[in-house]
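Here's the structure we're looking at; comments come further down.
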Amino acid sequence: MANRPPLVAPPKEAEDVRPPEEAGGEARASWLPLLVVVLTQIQVSFTVNALTVSMAGVTSDLGIAPTSIGTAITTGTFAMAAFILLGAKIGSKFGSRLVFQLAVVIHGLAMGVVALAVNGGMLLAGQAIGGAVIALLAPTLTVFIADNYRGSQQAQAIGYLAAAIPAAGVLALLIAGTLASTIGWRYSFGLLVALAALNLFLSFRVRPVPAQRHLGIDWVGALLSSTAIILLSVGFSGLTAWGPLIAKANAPFNVVGLSPAPFLILLGIVLGQVFFSWTRRRQAANQPQLFSLDVIDTAEERATTFCMATMLFVGTAANFLIPLYMQMVQGLSSLQTSFSIIPYTLSIFIANTLVARLYDRVPPRTIARIGFVVVAAALALIGFTIRNEWGQLFIVLGLITLGLAQGAIVALVFNTLLSASPKELAGDDGAWRGLVHNISGSVGIAVAGAVAVGLLSTLIVNNIVNNPLIPPELKAQINLDNVNFITNEQLEDVLAQTTATPEQVDEAVRVNAEMRLRSLRASLLLLSGLALLAVIPAGKMPGYVPGDIPVGYPAEDGGGRIRDDAAPAS
């Protein structure tokens, strides 16, 4: 890595707790630490999935609107993304195991608040607290893997960590969906409390990672990064509800008639640039930084990050559009849709766990290029062939193909980024992965929704305005300023309150069905094109470098400078 200071050895205490290597081979460490990592990842991922599956029960029980569920989910996601860079430093400064144990307890208590919620405020508070402590949990999981595994076993462990996210989705669909439709949604969150207690108990059997008291924390950088992420998240989330450009009626405010969403996004980008400039200045002055830019300081690492962000953006956007198609076009229930998505999440899990076996035989850039081509082909196939009468089998086959490619790419890019960065920055790598994962996923859903709804609105307005079968008096009774995806039955209910004749209702239903498909096709094809664009940066990814990842940050003095007496890494 050009222009980097020599790597330095971690503190002496950290060297004594690493798994030993046997002469002539690689020792196989116990999988218990990985079990804790995977169960914890399931705990935090299950939180969002369980709330999504339980939406009907939660809204009726607490007397809140379905949009409040989305607000609760995004609040937790935003809180996690906003504080994850700070969480990585706190974990290293005070000891990853201790921070993990405190965070897992707080997360369990937060899920207890959700389980006992009597109103939307308690639900929102539980999700916000849970999201904030995930910012402490996520970086420690990577450090646990770095501290306990080496070589090929380490690569496998990282694959299992990535696979735990779709695994949690499958469990949520099976467990939370069943509980919500039988004994009640609250039991799902009660299970999360029990899982938190199990993870706490098992964590005492994991070796403690030594605290690095010498680390300084850049609180100004923490404020800049957190504010930037919150502004970006709120701005992208408001694209659909507030309008991508012209302010809608439900926008909280407007700027000379324009939506606040793009202004918040622009301000978030500016603050993000200020954060990186601030961090570079502190690095040049040998002062403590919130996030080490060494994780992404080469063109190869930035290309890998771009590939990671693109895949997460495309994958989450597709995972939003496909259920939208199933429910709005095919008329499936939420539970039927959930079970239809299981093959997709399982295929991601399988690819996550198996792709590490290819690292010794196929260069990462080759795997990534093939993966993005397969993703683009799968999305294009779905986009070109969806029909109103189309059976589920073809969607499932397309989703399996998409999931296999997506799972391989996500595990690959994180493994490659982790192996290419300075080895002592495992905590920063974990924080960066969590940040990119949450921001890209949230932005993917927000942008996909805004694009699909925007296309649908434009198509329907053009067809209704120029349709001779829809008279002006009927057009005046239809609100064309707030077009969204609805089923044919919902549209018929709306038209029943107007003066529409049966023939006019049939024509409106035809237009709605046709425009929904055209909007979804165009959105999927746009995602397919975006996936193809990622083939170019995928070709710049660095080679995978197998080997041990030391734990912690370089030995520093109080001012953040690397000590002269620190020995170079061997």
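Chains: A, B, ... in order of the structure tokens. Residues: from 1 per chain. Ligands: from 1, in order shown.
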(request) Find the spatial neighbours of region 53-65 of chain A, counting only C-alpha atoms, within a cut-off of 12 Å - ignore same-chain residues fewer than 2 positions away - and output them as a VMD selection string. (result) chain A and resid 46 to 51 67 to 73 114 to 124 169 to 189 333 to 339
(request) Find the residues near Arg357 (chain A): any atom within 10 Å, counting only C-alpha atoms, skip ones fewer than 4 places away on the same chain, and give them as a PyMOL selection string. (result) chain A and resi 152+155-156+353+361-362
Pick out the residues sitting within 9 Å of Ile269 (chain A), and hand them over as a short mmCIF file (atom, residue, chain, number, x, y, z; two decimals) with N, CA and C atoms, in the first residue's frame; count only C-alpha atoms, and ignore anything fewer than 5 positions along from it in its own chain.
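Saved as part.cif:
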data_model
loop_
_atom_site.label_atom_id
_atom_site.label_comp_id
_atom_site.auth_asym_id
_atom_site.auth_seq_id
_atom_site.Cartn_x
_atom_site.Cartn_y
_atom_site.Cartn_z
N ALA A 228 -24.16 14.21 9.50
CA ALA A 228 -24.20 13.99 8.05
C ALA A 228 -25.04 12.77 7.71
N ILE A 229 -24.85 11.67 8.45
CA ILE A 229 -25.59 10.44 8.17
C ILE A 229 -27.07 10.61 8.45
N LEU A 231 -28.82 13.42 8.32
CA LEU A 231 -29.39 14.26 7.26
C LEU A 231 -29.58 13.46 5.97
N LEU A 232 -28.59 12.66 5.60
CA LEU A 232 -28.72 11.84 4.39
C LEU A 232 -29.87 10.85 4.52
N LEU A 264 -31.81 18.37 2.23
CA LEU A 264 -31.22 17.61 3.33
C LEU A 264 -30.12 16.68 2.82
N VAL A 274 -16.94 17.56 4.81
CA VAL A 274 -16.28 18.27 5.91
C VAL A 274 -15.66 17.28 6.89
#
(request) Rank nothing, just name the residue among A:Ile134, A:Leu239, A:Leu418, A:Ile106 nearest to Val453 (chain A), using only C-alpha atoms. (result) A:Leu239
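Taking CA of Ala446 (chain A) and CA of Asp428 (chain A) as endpoints, the distance between them is 26.7 Å.
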